[in-house]
Structure formats: C-alpha cells, structure tokens
Amino acid sequence: MSPPPAEISGPCLGTSEPRCVVYSSGRVIDHTIDWDRGLFYQLQGTGLPRSGADEYCKGGYCAVALIKRDENGQLHLVAHEESTDAQWYEVPEIVASGLVVFQSNSLGTGLYNDDVVLRADETGKMRRIDVNSWKQEARQLAPDANSYFDWRTDYGALVGSNGLASKDPDDSARTSVGLIKVFLRLDGDTLRIASPMVRFPDPSVP
C-alpha cells in the first residue's frame, strides 16, 4: 500500500472551526478485505496536539472526517461528523458487518459515548447510523431500572451488552452482578434490538 498523502495530516477538512487541529490521521483499518479502498481519516479537536487523549476535545469541539482517494490520486471528503459529548475518538475501523466505526470515549459510563458509525447507501453515500435507540429499548427490558451502567456495542458482530449493577449506576459503591446481551439489526439507518435479552451472571460472584 502507498503511504497516506501528506494532506491528510492537516489542516482540518470539512469544518470552519478556527481552533480545529488534527490530532490523528492516517489510513482506516480494514478488517474485511485485503485490497486498498483508499480510505483515510482525520480525528479533529480543539486541544493541543499530543496533549493527552483526554485533552483533545476539551475545548468543546470534537469531529471525525472520512476521506477517499480516487484512482487519480485526488482526495474527496466523504463524511464529516461533529460531537459535543466525545472526549476523543479511536482510529476508525471497517468491521465485519461492513460498517465504518469511529469508537468514542467520554467521561462517565458507556451510555454517554458518542460513537460515529457510517454505512454506504445504495448510491455510495456515507450515512451516519443511530447507535443509541437500541439502548433506550434495552432500558425497557432490563431487570431493574437502575441495573444498567456500562454500555458496549460490538459493531462487527452486531451484539450489544451492558453491565448489571447492584445499585444505582451513579453510586460509587455499586458492584457488578452480571451482564445482559442482545443481538442487534440494522433497520435503515438505526440499530435496533433483534432478539430477546439474555442475562448472564457475573462469574466472579459466588
């Protein structure tokens, strides 16, 4: 594979935010094929470059850009998404389901993560997936209103899970009492629950 073009490293593409800096850029990791799709990324924020992962978006701006290089070597911005909740984003991946995933990190539990997940529609346009609706559905199915506290989504296998706590998620004295999992399905541009919820006990709890 040819190296990422120099233009990918900056300036920020797709935004008019004057404070924007590119804190990471490169080639999108692809777990589905062994040929070059020509997809690159920028992770953007308003913190100082190399200032530490939790500082990148401290100024209140965080964004991701997906860029494609065509057969003539020209670069095209194919997606740009902004977030006010994420603290930073991981290097994006194309997972087994074919989705492009920018995994986010935020303060608090996984309920507040603001992952950017994209899919290509019939015309090839990249569309952002709603990755939070299934969590609201799961709240209605959880065994206790305060039992969920740490959401996780495996976008490759389309499986969602969350931890079960013995107390309110905001209680620092909470302890883990198990895990619940659901299979997910893509309904248009929305992830939804596709199976009954299954509860697993915490193996560390006698």
# chains A, B, ... in the order shown; residues from 1 in each chain; ligands from 1

$ residues_around --residues "Met197 of chain A" --least-positions-apart "6" --cutoff "12 Å" --atoms "only C-alpha atoms" --output "list of chain:residue names"
A:Trp134, A:Lys135, A:Glu137, A:Ala138, A:Arg139, A:Gln140, A:Leu141, A:Ala142, A:Pro143, A:Val159, A:Gly160, A:Ser161, A:Asn162, A:Leu179, A:Ile180, A:Lys181, A:Val182, A:Phe183, A:Leu184

$ write_last_selection --atoms "N, CA and C atoms" --output "compact mmCIF listing (two decimals), in the first residue's frame"
# COMPACT_ATOMS: atom_id res chain seq x y z
N TRP A 134 -31.30 1.60 20.31
CA TRP A 134 -31.42 0.27 20.91
C TRP A 134 -31.19 0.31 22.42
N LYS A 135 -30.37 1.27 22.88
CA LYS A 135 -30.12 1.38 24.32
C LYS A 135 -31.38 1.83 25.06
N GLU A 137 -34.39 1.11 23.99
CA GLU A 137 -35.23 -0.09 24.00
C GLU A 137 -34.80 -1.02 25.13
N ALA A 138 -33.49 -1.16 25.30
CA ALA A 138 -32.98 -2.08 26.32
C ALA A 138 -33.36 -1.64 27.72
N ARG A 139 -33.50 -0.36 27.92
CA ARG A 139 -33.88 0.13 29.25
C ARG A 139 -35.24 -0.41 29.66
N GLN A 140 -36.11 -0.63 28.68
CA GLN A 140 -37.43 -1.16 28.99
C GLN A 140 -37.39 -2.65 29.32
N LEU A 141 -36.29 -3.31 28.92
CA LEU A 141 -36.18 -4.75 29.10
C LEU A 141 -35.30 -5.14 30.28
N ALA A 142 -34.50 -4.21 30.76
CA ALA A 142 -33.56 -4.52 31.84
C ALA A 142 -34.32 -4.97 33.07
N PRO A 143 -33.75 -5.90 33.85
CA PRO A 143 -34.45 -6.44 35.01
C PRO A 143 -34.71 -5.43 36.12
N VAL A 159 -23.76 -7.06 18.26
CA VAL A 159 -24.18 -7.51 19.59
C VAL A 159 -24.02 -6.35 20.56
N GLY A 160 -25.06 -6.08 21.33
CA GLY A 160 -24.99 -5.05 22.35
C GLY A 160 -25.03 -5.67 23.73
N SER A 161 -24.35 -5.05 24.67
CA SER A 161 -24.35 -5.58 26.02
C SER A 161 -24.20 -4.45 27.02
N ASN A 162 -24.62 -4.71 28.24
CA ASN A 162 -24.34 -3.77 29.32
C ASN A 162 -24.21 -4.50 30.63
N LEU A 179 -24.32 -9.49 33.47
CA LEU A 179 -24.26 -8.88 32.15
C LEU A 179 -25.51 -9.26 31.38
N ILE A 180 -26.02 -8.33 30.56
CA ILE A 180 -27.11 -8.66 29.66
C ILE A 180 -26.67 -8.39 28.22
N LYS A 181 -27.10 -9.25 27.29
CA LYS A 181 -26.72 -9.12 25.89
C LYS A 181 -27.93 -9.23 24.99
N VAL A 182 -27.84 -8.54 23.84
CA VAL A 182 -28.88 -8.64 22.83
C VAL A 182 -28.21 -8.65 21.45
N PHE A 183 -28.81 -9.36 20.51
CA PHE A 183 -28.39 -9.24 19.11
C PHE A 183 -29.07 -8.01 18.53
N LEU A 184 -28.36 -7.33 17.63
CA LEU A 184 -28.86 -6.11 17.02
C LEU A 184 -29.06 -6.32 15.53

$ residues_around --residues "Arg19 of chain A" --least-positions-apart "6" --cutoff "9 Å" --atoms "only C-alpha atoms" --output "list in words"
Gly45, Thr46, Gly47, Gly59 and Tyr61 of chain A

$ atom_distance --atom1 "atom CA of Pro18 of chain A" --atom2 "atom CA of Ile67 of chain A"
20.1 Å

$ residues_around --residues "Gly73 of chain A" --least-positions-apart "5" --cutoff "10 Å" --atoms "only C-alpha atoms" --output "MDAnalysis selection string"
chainID A and resid 5 38 68

$ write_last_selection --atoms "all heavy atoms" --output "CSV table (one decimal), in the first residue's frame"
chain,number,residue,atom,x,y,z
A,5,PRO,N,-1.4,10.2,2.0
A,5,PRO,CA,-0.9,11.5,1.5
A,5,PRO,C,-0.7,12.5,2.6
A,5,PRO,O,-1.3,12.5,3.6
A,5,PRO,CB,-2.1,11.9,0.6
A,5,PRO,CG,-3.3,11.2,1.1
A,5,PRO,CD,-2.7,9.9,1.6
A,38,GLY,N,-8.6,3.0,-0.4
A,38,GLY,CA,-8.2,4.4,-0.5
A,38,GLY,C,-8.9,5.3,0.5
A,38,GLY,O,-9.2,6.5,0.3
A,68,LYS,N,-11.6,9.9,1.0
A,68,LYS,CA,-11.3,8.9,0.0
A,68,LYS,C,-10.4,9.4,-1.1
A,68,LYS,O,-10.6,10.5,-1.6
A,68,LYS,CB,-12.6,8.4,-0.7
A,68,LYS,CG,-12.4,7.2,-1.7
A,68,LYS,CD,-13.7,6.6,-2.1
A,68,LYS,CE,-13.4,5.5,-3.1
A,68,LYS,NZ,-12.7,4.4,-2.6

$ residues_around --residues "Ser97 of chain A" --least-positions-apart "4" --cutoff "12 Å" --atoms "only C-alpha atoms" --output "list in words"
Asp30, His31, Thr32, Ile33, Glu93, Val101, Val117, Leu118, Arg119, Ala120, Asp154, Tyr155, Gly156, Ala157, Leu158, Val159, Leu184, Arg185 and Leu186 of chain A

$ residues_around --residues "Asn132 of chain A" --least-positions-apart "2" --cutoff "12 Å" --atoms "only C-alpha atoms" --output "list in words"
Gly110, Leu111, Tyr112, Asn113, Asp114, Asp115, Val116, Val117, Arg128, Ile129, Asp130, Trp134, Lys135, Gln136, Glu137, Ala138, Arg139, Trp151, Arg152, Thr153, Gly160, Leu184, Asp189, Thr190, Leu191, Arg192 and Ile193 of chain A

$ write_last_selection --atoms "N, CA and C atoms" --output "compact mmCIF listing (two decimals), in the first residue's frame"
# COMPACT_ATOMS: atom_id res chain seq x y z
N GLY A 110 -20.53 4.12 29.51
CA GLY A 110 -20.67 3.94 28.07
C GLY A 110 -21.98 4.46 27.53
N LEU A 111 -22.93 4.77 28.42
CA LEU A 111 -24.21 5.32 27.98
C LEU A 111 -24.01 6.65 27.28
N TYR A 112 -22.93 7.35 27.61
CA TYR A 112 -22.72 8.70 27.10
C TYR A 112 -21.73 8.74 25.94
N ASN A 113 -21.24 7.59 25.52
CA ASN A 113 -20.34 7.57 24.36
C ASN A 113 -21.08 8.06 23.12
N ASP A 114 -20.33 8.65 22.22
CA ASP A 114 -20.93 9.21 21.01
C ASP A 114 -20.20 8.65 19.79
N ASP A 115 -20.29 7.32 19.64
CA ASP A 115 -19.64 6.67 18.51
C ASP A 115 -20.19 7.20 17.19
N VAL A 116 -19.30 7.37 16.23
CA VAL A 116 -19.71 7.70 14.86
C VAL A 116 -19.60 6.43 14.04
N VAL A 117 -20.74 5.94 13.56
CA VAL A 117 -20.79 4.70 12.77
C VAL A 117 -21.44 5.03 11.43
N ARG A 128 -24.72 8.33 8.50
CA ARG A 128 -24.46 8.03 9.91
C ARG A 128 -25.58 7.18 10.49
N ILE A 129 -25.18 6.17 11.28
CA ILE A 129 -26.12 5.25 11.90
C ILE A 129 -26.48 5.75 13.30
N ASP A 130 -27.76 5.66 13.64
CA ASP A 130 -28.23 5.93 15.00
C ASP A 130 -27.86 4.72 15.86
N TRP A 134 -31.30 1.60 20.31
CA TRP A 134 -31.42 0.27 20.91
C TRP A 134 -31.19 0.31 22.42
N LYS A 135 -30.37 1.27 22.88
CA LYS A 135 -30.12 1.38 24.32
C LYS A 135 -31.38 1.83 25.06
N GLN A 136 -32.15 2.69 24.41
CA GLN A 136 -33.41 3.10 25.02
C GLN A 136 -34.39 1.93 25.06
N GLU A 137 -34.39 1.11 23.99
CA GLU A 137 -35.23 -0.09 24.00
C GLU A 137 -34.80 -1.02 25.13
N ALA A 138 -33.49 -1.16 25.30
CA ALA A 138 -32.98 -2.08 26.32
C ALA A 138 -33.36 -1.64 27.72
N ARG A 139 -33.50 -0.36 27.92
CA ARG A 139 -33.88 0.13 29.25
C ARG A 139 -35.24 -0.41 29.66
N TRP A 151 -22.59 0.55 28.81
CA TRP A 151 -22.97 0.05 27.50
C TRP A 151 -21.77 -0.28 26.63
N ARG A 152 -21.86 -1.38 25.91
CA ARG A 152 -20.83 -1.78 24.95
C ARG A 152 -21.54 -2.27 23.69
N THR A 153 -20.99 -1.92 22.53
CA THR A 153 -21.55 -2.40 21.27
C THR A 153 -20.45 -3.00 20.42
N GLY A 160 -25.06 -6.08 21.33
CA GLY A 160 -24.99 -5.05 22.35
C GLY A 160 -25.03 -5.67 23.73
N LEU A 184 -28.36 -7.33 17.63
CA LEU A 184 -28.86 -6.11 17.02
C LEU A 184 -29.06 -6.32 15.53
N ASP A 189 -31.20 3.30 8.89
CA ASP A 189 -30.03 3.95 9.48
C ASP A 189 -30.05 3.87 11.01
N THR A 190 -30.73 2.87 11.55
CA THR A 190 -30.87 2.75 13.01
C THR A 190 -30.57 1.34 13.47
N LEU A 191 -29.77 1.21 14.52
CA LEU A 191 -29.56 -0.08 15.16
C LEU A 191 -30.70 -0.34 16.13
N ARG A 192 -31.31 -1.53 16.04
CA ARG A 192 -32.41 -1.89 16.92
C ARG A 192 -32.18 -3.29 17.48
N ILE A 193 -32.88 -3.60 18.54
CA ILE A 193 -32.77 -4.91 19.15
C ILE A 193 -33.45 -5.95 18.26

$ residues_around --residues "Ser9 of chain A" --least-positions-apart "4" --cutoff "8 Å" --atoms "only C-alpha atoms" --output "short mmCIF file (atom, residue, chain, number, x, y, z; two decimals) with C-alpha atoms, in the first residue's frame"
data_model
loop_
_atom_site.label_atom_id
_atom_site.label_comp_id
_atom_site.auth_asym_id
_atom_site.auth_seq_id
_atom_site.Cartn_x
_atom_site.Cartn_y
_atom_site.Cartn_z
CA VAL A 22 -5.84 17.31 13.55
CA SER A 24 -4.52 11.91 14.49
CA SER A 25 -4.71 10.95 10.82
CA GLY A 26 -3.92 8.01 8.60
CA GLN A 42 -8.77 12.77 10.41
#

$ atom_distance --atom1 "atom CA of Gly178 of chain A" --atom2 "atom CA of Ser104 of chain A"
24.0 Å

$ closest_residue --among "A:Tyr23, A:Asp187, A:Ile29, A:Ala194" --to "Ala96 of chain A" --atoms "only C-alpha atoms"
A:Ile29

$ residues_around --residues "Asp70 of chain A" --least-positions-apart "3" --cutoff "12 Å" --atoms "only C-alpha atoms" --output "ChimeraX atom specification"
/A:36-40,67,73-78

$ write_last_selection --atoms "N, CA, C and O atoms" --output "compact mmCIF listing (two decimals), in the first residue's frame"
# COMPACT_ATOMS: atom_id res chain seq x y z
N ASP A 36 -6.73 -2.15 -1.14
CA ASP A 36 -6.78 -0.77 -0.66
C ASP A 36 -8.04 -0.06 -1.13
O ASP A 36 -8.22 0.16 -2.33
N ARG A 37 -8.90 0.32 -0.20
CA ARG A 37 -10.09 1.10 -0.55
C ARG A 37 -9.77 2.57 -0.77
O ARG A 37 -10.62 3.33 -1.24
N GLY A 38 -8.59 3.00 -0.35
CA GLY A 38 -8.24 4.41 -0.47
C GLY A 38 -8.95 5.28 0.54
O GLY A 38 -9.21 6.45 0.26
N LEU A 39 -9.27 4.72 1.71
CA LEU A 39 -9.97 5.48 2.75
C LEU A 39 -9.00 5.93 3.84
O LEU A 39 -8.21 5.13 4.37
N PHE A 40 -9.09 7.21 4.17
CA PHE A 40 -8.25 7.81 5.20
C PHE A 40 -9.13 8.56 6.19
O PHE A 40 -10.34 8.74 5.97
N ILE A 67 -12.10 10.39 4.43
CA ILE A 67 -11.61 10.92 3.17
C ILE A 67 -11.27 9.77 2.23
O ILE A 67 -10.70 8.76 2.66
N GLY A 73 -5.70 9.82 -7.64
CA GLY A 73 -4.94 10.37 -6.52
C GLY A 73 -5.58 11.58 -5.87
O GLY A 73 -5.00 12.16 -4.94
N GLN A 74 -6.76 11.98 -6.33
CA GLN A 74 -7.44 13.13 -5.75
C GLN A 74 -8.17 12.73 -4.47
O GLN A 74 -8.72 11.63 -4.37
N LEU A 75 -8.17 13.64 -3.49
CA LEU A 75 -8.82 13.38 -2.21
C LEU A 75 -10.21 13.99 -2.18
O LEU A 75 -10.42 15.11 -2.65
N HIS A 76 -11.16 13.24 -1.60
CA HIS A 76 -12.55 13.71 -1.51
C HIS A 76 -13.06 13.45 -0.09
O HIS A 76 -12.94 12.33 0.43
N LEU A 77 -13.61 14.49 0.51
CA LEU A 77 -14.23 14.34 1.83
C LEU A 77 -15.57 13.65 1.65
O LEU A 77 -16.46 14.17 0.99
N VAL A 78 -15.74 12.47 2.24
CA VAL A 78 -16.98 11.72 2.05
C VAL A 78 -17.87 11.74 3.30
O VAL A 78 -19.05 11.41 3.22

$ atom_distance --atom1 "atom CA of Phe102 of chain A" --atom2 "atom CA of Thr175 of chain A"
29.6 Å

$ closest_residue --among "A:Gly14, A:Thr84, A:Glu7, A:Leu43" --to "Arg69 of chain A" --atoms "only C-alpha atoms"
A:Glu7
